[in-house]
Each structure stands twice: as structure tokens, then as C-alpha cells.
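start-v3.txt, holding compact mmCIF, C-alpha atoms:
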# COMPACT_ATOMS: atom_id res chain seq x y z
CA SER A 1006 174.63 126.81 -2.66
CA VAL A 1007 175.10 130.57 -2.34
CA ASP A 1008 178.50 132.13 -3.06
CA ASP A 1009 179.33 134.37 -0.09
CA GLY A 1010 182.40 135.94 -1.69
CA MET A 1011 184.79 134.10 0.59
CA THR A 1012 186.90 130.94 0.53
CA ASP A 1013 186.86 128.04 3.02
CA ASN A 1014 189.84 129.56 4.84
CA VAL A 1015 188.87 132.42 7.16
CA SER A 1016 192.49 133.31 7.93
CA PHE A 1017 193.20 133.68 4.21
CA ASP A 1018 190.06 135.79 3.72
CA LEU A 1019 190.88 138.11 6.61
CA LYS A 1020 194.41 138.55 5.28
CA ASN A 1021 192.99 139.53 1.89
CA ILE A 1022 190.62 142.01 3.54
CA GLU A 1023 193.50 143.48 5.54
CA GLU A 1024 195.54 144.03 2.37
CA LYS A 1025 192.66 145.28 0.20
CA TYR A 1026 191.11 147.73 2.68
CA GLY A 1027 194.17 148.64 4.73
CA LEU A 1028 192.57 147.49 7.97
CA LYS A 1029 194.50 146.25 11.00
CA ALA A 1030 192.17 146.01 14.00
CA PRO A 1031 190.56 142.54 14.25
CA ARG A 1032 187.09 143.97 14.92
CA SER A 1033 187.38 146.11 11.77
CA LEU A 1034 188.38 143.06 9.71
CA VAL A 1035 185.40 141.05 10.99
CA TRP A 1036 183.06 143.99 10.39
CA GLN A 1037 184.30 144.37 6.81
CA MET A 1038 183.80 140.64 6.23
CA ILE A 1039 180.19 140.97 7.42
CA ARG A 1040 179.63 143.91 5.07
CA ILE A 1041 181.02 141.91 2.14
CA TRP A 1042 178.68 139.05 2.98
CA GLU A 1043 175.73 141.45 3.12
CA ASP A 1044 176.57 142.81 -0.34
CA VAL A 1045 176.87 139.44 -2.07
CA ILE A 1046 174.24 137.17 -0.50
CA GLY A 1047 171.13 139.35 -0.70
CA ALA A 1048 170.13 138.81 -4.34
CA PRO A 1049 171.02 135.07 -4.46
CA LEU A 1050 169.01 134.38 -1.30
CA GLN A 1051 166.00 136.23 -2.70
CA GLU A 1052 166.27 134.30 -5.98
CA LEU A 1053 166.51 131.02 -4.08
CA HIS A 1054 163.48 131.91 -1.99
CA ALA A 1055 161.52 132.86 -5.12
CA THR A 1056 162.14 129.50 -6.80
CA ASP A 1057 162.25 127.25 -3.72
CA PRO A 1058 160.59 129.03 -0.76
CA ILE A 1059 162.46 128.92 2.51
CA ASP A 1060 160.06 128.09 5.34
CA TYR A 1061 162.59 128.12 8.17
CA ALA A 1062 166.37 128.39 8.37
CA LEU A 1063 169.19 127.06 10.54
CA VAL A 1064 172.01 129.62 10.59
CA ASP A 1065 175.54 129.23 11.95
CA TYR A 1066 176.28 131.75 14.69
CA PHE A 1067 179.12 133.26 12.64
CA CYS A 1068 176.81 134.08 9.71
CA VAL A 1069 175.17 137.23 11.03
CA ALA A 1070 174.80 138.62 7.50
CA TRP A 1071 172.43 135.74 6.72
CA MET A 1072 170.48 136.48 9.91
CA LYS A 1073 170.06 140.08 8.78
CA GLN A 1074 168.97 139.13 5.26
CA LEU A 1075 166.53 136.47 6.49
CA THR A 1076 165.06 138.98 8.94
CA ASN A 1077 164.58 141.48 6.12
CA MET A 1078 162.86 138.77 4.07
CA GLY A 1079 160.52 137.86 6.93
CA ILE A 1080 161.92 134.32 7.28
CA ASP A 1081 162.25 132.88 10.78
CA TYR A 1082 165.34 130.92 11.84
CA CYS A 1083 167.26 129.39 14.71
CA VAL A 1084 171.00 129.62 15.36
CA ASN A 1085 173.55 126.81 15.57
CA LEU A 1086 176.40 127.42 18.03
CA SER A 1087 179.24 125.08 17.10
CA THR A 1088 181.15 125.77 20.33
CA PRO A 1089 180.74 125.15 24.07
CA GLY A 1090 177.67 126.73 25.63
CA ALA A 1091 179.68 129.42 27.42
CA MET A 1092 179.97 131.20 24.06
CA LEU A 1093 176.31 132.19 24.45
CA TRP A 1094 177.55 134.72 27.01
CA LEU A 1095 180.12 136.09 24.57
CA CYS A 1096 177.44 136.37 21.85
CA ARG A 1097 175.27 138.42 24.24
CA VAL A 1098 172.27 136.10 23.84
CA GLU A 1099 169.19 137.06 25.84
CA GLY A 1100 169.35 135.53 29.32
CA THR A 1101 173.14 135.72 29.62
CA GLU A 1102 173.36 139.05 31.42
CA ASP A 1103 174.63 137.45 34.65
CA TRP A 1104 178.37 136.77 34.45
CA SER A 1105 178.85 136.17 38.18
CA TRP A 1106 179.44 132.43 37.67
CA MET A 1107 182.53 133.06 35.54
CA THR A 1108 186.07 133.19 36.80
CA MET A 1109 187.88 136.49 36.44
CA GLY A 1110 189.96 134.88 33.70
CA ASN A 1111 186.84 134.00 31.71
CA ARG A 1112 185.41 137.48 32.13
CA LEU A 1113 188.64 139.11 31.00
CA GLU A 1114 188.91 136.79 27.98
CA PHE A 1115 185.32 137.46 26.89
CA PHE A 1116 185.72 141.20 27.49
CA ILE A 1117 188.78 141.32 25.21
CA LEU A 1118 187.20 139.10 22.52
CA HIS A 1119 184.02 141.19 22.54
CA HIS A 1120 185.67 144.58 22.28
CA ALA A 1121 188.71 143.65 20.17
CA VAL A 1122 187.26 141.12 17.73
CA PHE A 1123 183.52 140.37 17.79
CA PHE A 1124 181.99 143.72 18.81
CA HIS A 1125 179.94 144.28 15.63
CA MET A 1126 179.04 140.62 15.28
CA ASN A 1127 177.82 140.45 18.87
CA GLN A 1128 175.72 143.58 18.38
CA LEU A 1129 173.95 141.82 15.51
CA HIS A 1130 173.59 138.66 17.60
CA ARG A 1131 171.85 140.65 20.29
CA THR A 1132 169.53 142.63 18.02
CA LEU A 1133 168.71 139.97 15.41
CA ALA A 1134 168.92 136.66 17.25
CA GLY A 1135 169.15 137.36 20.96
CA SER A 1136 165.80 135.70 21.67
CA LYS A 1137 165.87 133.13 18.85
CA PRO A 1138 166.33 129.41 19.62
CA TRP A 1139 170.04 128.56 19.85
CA LEU A 1140 171.22 124.98 19.36
CA VAL A 1141 174.49 124.30 21.17
CA ASP A 1142 176.78 121.64 19.70
CA SER A 1143 178.12 120.52 23.03
CA PHE A 1144 177.40 118.27 26.01
CA PRO A 1145 175.86 119.51 29.26
CA GLU A 1146 178.16 117.07 31.08
CA ALA A 1147 181.18 118.62 29.38
CA ASP A 1148 180.20 122.25 29.92
CA GLY A 1149 179.26 121.82 33.56
CA PHE A 1150 178.31 125.41 34.40
CA VAL A 1151 175.07 127.32 34.97
CA ALA A 1152 171.95 126.32 33.05
CA LEU A 1153 171.49 127.64 29.53
CA PRO A 1154 168.85 130.30 28.88
CA ALA A 1155 165.36 128.83 28.36
CA HIS A 1156 165.40 129.32 24.58
CA CYS A 1157 168.75 127.53 24.13
CA ARG A 1158 169.20 123.77 23.90
CA TYR A 1159 172.07 121.31 23.76
CA CYS A 1160 171.95 119.25 20.56
CA GLY A 1161 175.40 117.65 20.49
CA SER A 1162 174.96 114.86 23.00
CA MET A 1163 174.99 111.70 20.92
CA ALA A 1164 174.40 109.68 24.09
CA ASP A 1165 170.85 111.03 24.30
CA ALA A 1166 170.05 110.76 20.59
CA PRO A 1167 167.62 107.89 19.84
CA ASN A 1168 169.15 107.19 16.43
CA SER A 1169 172.83 107.63 17.21
CA LEU A 1170 175.27 106.09 14.77
CA ALA A 1171 177.25 103.17 16.19
CA LEU A 1172 181.03 103.27 16.19
CA GLU A 1173 182.47 100.87 13.64
CA ASP A 1174 185.69 99.16 12.57
CA LYS A 1175 189.00 100.73 13.66
CA PHE A 1176 187.28 103.68 15.31
CA ALA A 1177 185.21 101.36 17.50
CA ALA A 1178 188.32 99.29 18.32
CA PHE A 1179 190.15 102.47 19.32
CA PHE A 1180 187.47 103.46 21.85
CA LEU A 1181 187.22 99.88 23.13
CA ARG A 1182 190.97 99.86 23.74
CA ALA A 1183 190.66 103.15 25.62
CA ALA A 1184 187.81 101.81 27.75
CA ASN A 1185 189.74 98.65 28.58
CA ALA A 1186 192.72 100.76 29.61
CA ALA A 1187 190.46 103.01 31.74
CA ARG A 1188 191.74 106.03 29.84
CA PRO A 1189 189.59 108.98 28.76
CA VAL A 1190 189.53 109.96 25.09
CA ILE A 1191 190.08 113.58 24.08
CA CYS A 1192 188.42 114.31 20.72
CA VAL A 1193 190.07 117.23 18.93
CA SER A 1194 188.14 118.81 16.07
CA LEU A 1195 189.58 121.85 14.33
CA GLY A 1196 186.38 122.58 12.42
CA SER A 1197 186.10 123.76 8.86
CA MET A 1198 186.55 127.53 9.21
CA ILE A 1199 190.28 127.81 9.87
CA LYS A 1200 193.17 125.77 8.53
CA PRO A 1201 195.77 125.67 11.32
CA ASP A 1202 199.39 126.42 10.56
CA LYS A 1203 202.42 124.54 11.84
CA VAL A 1204 202.64 126.65 15.01
CA ILE A 1205 199.05 125.86 16.06
CA VAL A 1206 199.33 122.15 15.27
CA ASN A 1207 202.62 121.87 17.19
CA ALA A 1208 201.13 123.71 20.17
CA LEU A 1209 198.16 121.35 20.26
CA TYR A 1210 200.41 118.33 19.90
CA HIS A 1211 202.78 119.31 22.69
CA GLY A 1212 199.83 120.20 24.92
CA LEU A 1213 198.27 116.76 24.54
CA VAL A 1214 201.19 114.39 24.05
CA GLY A 1215 202.13 112.00 26.82
CA GLY A 1216 199.12 112.42 29.09
CA PRO A 1217 197.03 109.67 30.69
CA TRP A 1218 194.56 109.77 27.83
CA PHE A 1219 194.00 108.83 24.20
CA VAL A 1220 193.46 111.49 21.53
CA ALA A 1221 191.25 111.32 18.44
CA TRP A 1222 192.00 114.00 15.84
CA SER A 1223 189.61 115.37 13.26
CA LEU A 1224 191.54 117.39 10.68
CA TRP A 1225 189.80 119.30 7.89

Since I need it in another form, could you write the structure as C-alpha cells?
Amino acid sequence: SVDDGMTDNVSFDLKNIEEKYGLKAPRSLVWQMIRIWEDVIGAPLQELHATDPIDYALVDYFCVAWMKQLTNMGIDYCVNLSTPGAMLWLCRVEGTEDWSWMTMGNRLEFFILHHAVFFHMNQLHRTLAGSKPWLVDSFPEADGFVALPAHCRYCGSMADAPNSLALEDKFAAFFLRAANAARPVICVSLGSMIKPDKVIVNALYHGLVGGPWFVAWSLW
């Protein structure tokens, strides 16, 4: 593994960057994080490539510093988008220029996120990976909006995977109970990047409690 100079807690890292560099604006904090990544991963990646050549890479959409370094090293890659497909439009991927299908609320949200938080990251997405293959960890049935750009593909639909893992034991019994009760199951995954605080967990709980559904939680 390559040490990127950060911890597993993005909120903690951004707080450290804020205190160390005196930055306040979210887009400045994200930009400084990218610059730190660029400084620390270059030499280790080159050493890794020298001893165990990298033929092709799969890069998380957040890791634009890796995209830049791999590009400089002449190594091709694709991008994994661990969010719903609509985020392709926020990341300014090639083929997402038309926003007419979005609601005004979506457009406003993406406009604010782009200019206030992810401006520099999205610039690198567009220049380094805009036309690369993007693998979207979501379901076309769940997204339910316009078709993805031609170079982007859904890869999260276990229903279409020929070698899908079968549900087992208590987890299988849970989904069987939901099916028998004709209740949908909401799967909540908080990922591995951010560790939610009490406020976020309580907000999620109160938003989901008591509805005509079952909830499966995945907590990091």
C-alpha cells in the first residue's frame, strides 16, 4: 500500500488542514488535500511501478492526485464512482453537458457543490479523466434518469452479475422476512471515507424510523 499522508477519516484530515494552513473555504481545504496527496504519492508510486509494473489502474473518483500521477507516468486507468450516476454530472465528465433533465433543486445543489467544495477536483476530473471509462457503483433501476454517457457503465447491479454471492444466514432471513411482509428494504451504507458524528447518525435514524420499510445498516 502507498501512504497518502492522510488517515481513514476525511473530516479529521480536513480539520487538521484547516488548523495547519489557516484555511476556511471548503474548496481551499479540498485543494490543499489534493496538493498534499500529490507531494507524497509520486515517489512511492514510481517505486512500485519499477518493481511491480502497473499495466492498468482502477482509481476512485476522489483520488484525482493519483489520476494526475498515473497520467504523468503514462499509465492508463478507469475511474470508480462510488455514488449514484448523477454524480457524473457534478464531476463534469464528458457527455454530461446537458443538465436540462435535472430539477432546479438538483441544479442548484450541484452548482453550490461545484463552486464551493469540488471546483479544483472537478477541473482535474474534466482534464484528466473526462473521457476515461467510469464505473458507477449503482443500479440503473435505482437511478432512473437519463442514460449515462457512452463511456460510463453501471457495475453495482448484483442482480445482473453472473457470479453474485448468495445471501446467507441471518442476513438472508432478514430479506426473506421483508419479502414476506411485502416491505422494501433500504440499505444504508456510510462508506469508509467519513465517520459520522452523533448529529448525522441521529438525523439518519429519525429520517428512516417508523416507515413502511425495513432498513439494513452498514457502519464502518

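Distance check against Trp1106 in chain A using only C-alpha atoms: of A:Ala1062, A:Leu1028, A:Ala1121, A:Ala1091, the minimum falls on A:Ala1091.
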
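The two atoms in question, CA of Val1190 in chain A and CA of Tyr1210 in chain A, are spaced 14.7 Å apart.
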
Self-check item: Neighbours of point (165.9, 139.1, 5.4) within 12 Å, using only C-alpha atoms, written as JSON, numbers by chain
Solution: {"A": [1043, 1046, 1047, 1048, 1049, 1050, 1051, 1054, 1059, 1061, 1062, 1069, 1070, 1071, 1072, 1073, 1074, 1075, 1076, 1077, 1078, 1079, 1080, 1081, 1082, 1133]}

Practice problem: One decimal, Å: what's the distance from CA of Ser1016 in chain A over to CA of Cys1068 in chain A, could you say? | Solution: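 The value is 15.8 Å.
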
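Distances from A:Ser1136, A:His1125, A:Gln1037, A:Arg1188 to Lys1020 in chain A were compared using all atoms listed in the file, and the smallest one belongs to A:Gln1037.
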
Practice problem: Between CA of Leu1129 in chain A and CA of Val1045 in chain A, measure the distance and give it in Å to one decimal. | Solution: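 So the answer is 18.0 Å.
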
Exercise. Counting only C-alpha atoms, find the residues whose atoms lie at most 9 Å from (167.2, 137.9, 27.1) (file coordinates) and write them out as a list in words.
Key: Arg1097, Val1098, Glu1099, Gly1100, Thr1101, Glu1102, Arg1131, Gly1135, Ser1136 and Pro1154 of chain A

Practice problem: Compare A:Ala1147, A:Cys1160, A:Leu1063, A:Ala1221 by their minimum atom-to-atom distance to Phe1179 in chain A, counting all atoms listed in the file, and give me the closest one. | Solution: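 Selected residue with least distance to Phe1179 in chain A: A:Ala1221.
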
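Among the candidates A:Val1084, A:Asp1013, A:Leu1118, A:Leu1095, the residue lying nearest to Val1035 in chain A is A:Leu1118 (atoms considered: only C-alpha atoms).
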
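For the residues A:Pro1201, A:Leu1053, A:Tyr1026, A:Ile1039, ranking by smallest atom-to-atom distance to Val1007 in chain A using all atoms listed in the file places A:Leu1053 first.
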
Extending 8 Å beyond the listed atoms of range 1137-1153 of chain A on each side, what axis-aligned box results? I want centre and edge lengths in Å to one decimal, as lines of an AutoDock Vina configuration file.
center_x = 173.5
center_y = 125.1
center_z = 26.9
size_x = 31.3
size_y = 32.1
size_z = 32.1

Exercise. Find the residues near range 1211-1215 of chain A: any atom within 12 Å, counting only C-alpha atoms, skip ones fewer than 4 places away on the same chain, and give them as an MDAnalysis selection string.
Key: chainID A and resid 1190:1193 1204:1207 1219:1222

Exercise. For range 1031-1033 of chain A, list every protein, DNA or RNA residue within 7 Å, evaluated using only C-alpha atoms, and leave out those in the same chain fewer than 6 positions away; present the list as a list of chain:residue names.
Key: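 So, after excluding close chain neighbours, the residues are A:Ala1121, A:Val1122, A:Phe1123, A:Phe1124.
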
Can you give me N, CA, C and O atoms for range 1142-1153 of chain A, written as a PDB file, in the frame of the given file?
ATOM      1  N   ASP A1142     176.121 122.893  20.051  1.00  0.00           N
ATOM      2  CA  ASP A1142     176.780 121.640  19.700  1.00  0.00           C
ATOM      3  C   ASP A1142     177.774 121.228  20.787  1.00  0.00           C
ATOM      4  O   ASP A1142     178.983 121.207  20.573  1.00  0.00           O
ATOM      5  N   SER A1143     177.250 120.914  21.935  1.00  0.00           N
ATOM      6  CA  SER A1143     178.120 120.520  23.030  1.00  0.00           C
ATOM      7  C   SER A1143     177.342 119.578  23.953  1.00  0.00           C
ATOM      8  O   SER A1143     176.201 119.216  23.665  1.00  0.00           O
ATOM      9  N   PHE A1144     177.970 119.195  25.051  1.00  0.00           N
ATOM     10  CA  PHE A1144     177.400 118.270  26.010  1.00  0.00           C
ATOM     11  C   PHE A1144     177.198 118.983  27.337  1.00  0.00           C
ATOM     12  O   PHE A1144     178.137 119.608  27.833  1.00  0.00           O
ATOM     13  N   PRO A1145     176.030 118.877  27.944  1.00  0.00           N
ATOM     14  CA  PRO A1145     175.860 119.510  29.260  1.00  0.00           C
ATOM     15  C   PRO A1145     176.842 118.954  30.284  1.00  0.00           C
ATOM     16  O   PRO A1145     177.306 119.671  31.170  1.00  0.00           O
ATOM     17  N   GLU A1146     177.202 117.667  30.152  1.00  0.00           N
ATOM     18  CA  GLU A1146     178.160 117.070  31.080  1.00  0.00           C
ATOM     19  C   GLU A1146     179.553 117.669  30.890  1.00  0.00           C
ATOM     20  O   GLU A1146     180.333 117.761  31.846  1.00  0.00           O
ATOM     21  N   ALA A1147     179.862 118.061  29.663  1.00  0.00           N
ATOM     22  CA  ALA A1147     181.180 118.620  29.380  1.00  0.00           C
ATOM     23  C   ALA A1147     181.262 120.082  29.795  1.00  0.00           C
ATOM     24  O   ALA A1147     182.299 120.544  30.281  1.00  0.00           O
ATOM     25  N   ASP A1148     180.180 120.824  29.578  1.00  0.00           N
ATOM     26  CA  ASP A1148     180.200 122.250  29.920  1.00  0.00           C
ATOM     27  C   ASP A1148     180.216 122.441  31.433  1.00  0.00           C
ATOM     28  O   ASP A1148     181.042 123.151  31.978  1.00  0.00           O
ATOM     29  N   GLY A1149     179.266 121.830  32.109  1.00  0.00           N
ATOM     30  CA  GLY A1149     179.260 121.820  33.560  1.00  0.00           C
ATOM     31  C   GLY A1149     179.232 123.188  34.224  1.00  0.00           C
ATOM     32  O   GLY A1149     179.952 123.420  35.191  1.00  0.00           O
ATOM     33  N   PHE A1150     178.426 124.126  33.718  1.00  0.00           N
ATOM     34  CA  PHE A1150     178.310 125.410  34.400  1.00  0.00           C
ATOM     35  C   PHE A1150     176.821 125.720  34.583  1.00  0.00           C
ATOM     36  O   PHE A1150     176.001 124.811  34.596  1.00  0.00           O
ATOM     37  N   VAL A1151     176.468 126.957  34.721  1.00  0.00           N
ATOM     38  CA  VAL A1151     175.070 127.320  34.970  1.00  0.00           C
ATOM     39  C   VAL A1151     174.196 126.885  33.801  1.00  0.00           C
ATOM     40  O   VAL A1151     174.670 126.672  32.683  1.00  0.00           O
ATOM     41  N   ALA A1152     172.887 126.764  34.083  1.00  0.00           N
ATOM     42  CA  ALA A1152     171.950 126.320  33.050  1.00  0.00           C
ATOM     43  C   ALA A1152     171.890 127.311  31.895  1.00  0.00           C
ATOM     44  O   ALA A1152     172.059 128.525  32.078  1.00  0.00           O
ATOM     45  N   LEU A1153     171.640 126.780  30.702  1.00  0.00           N
ATOM     46  CA  LEU A1153     171.490 127.640  29.530  1.00  0.00           C
ATOM     47  C   LEU A1153     170.194 128.438  29.631  1.00  0.00           C
ATOM     48  O   LEU A1153     169.258 128.020  30.318  1.00  0.00           O
TER      49      LEU A1153
END
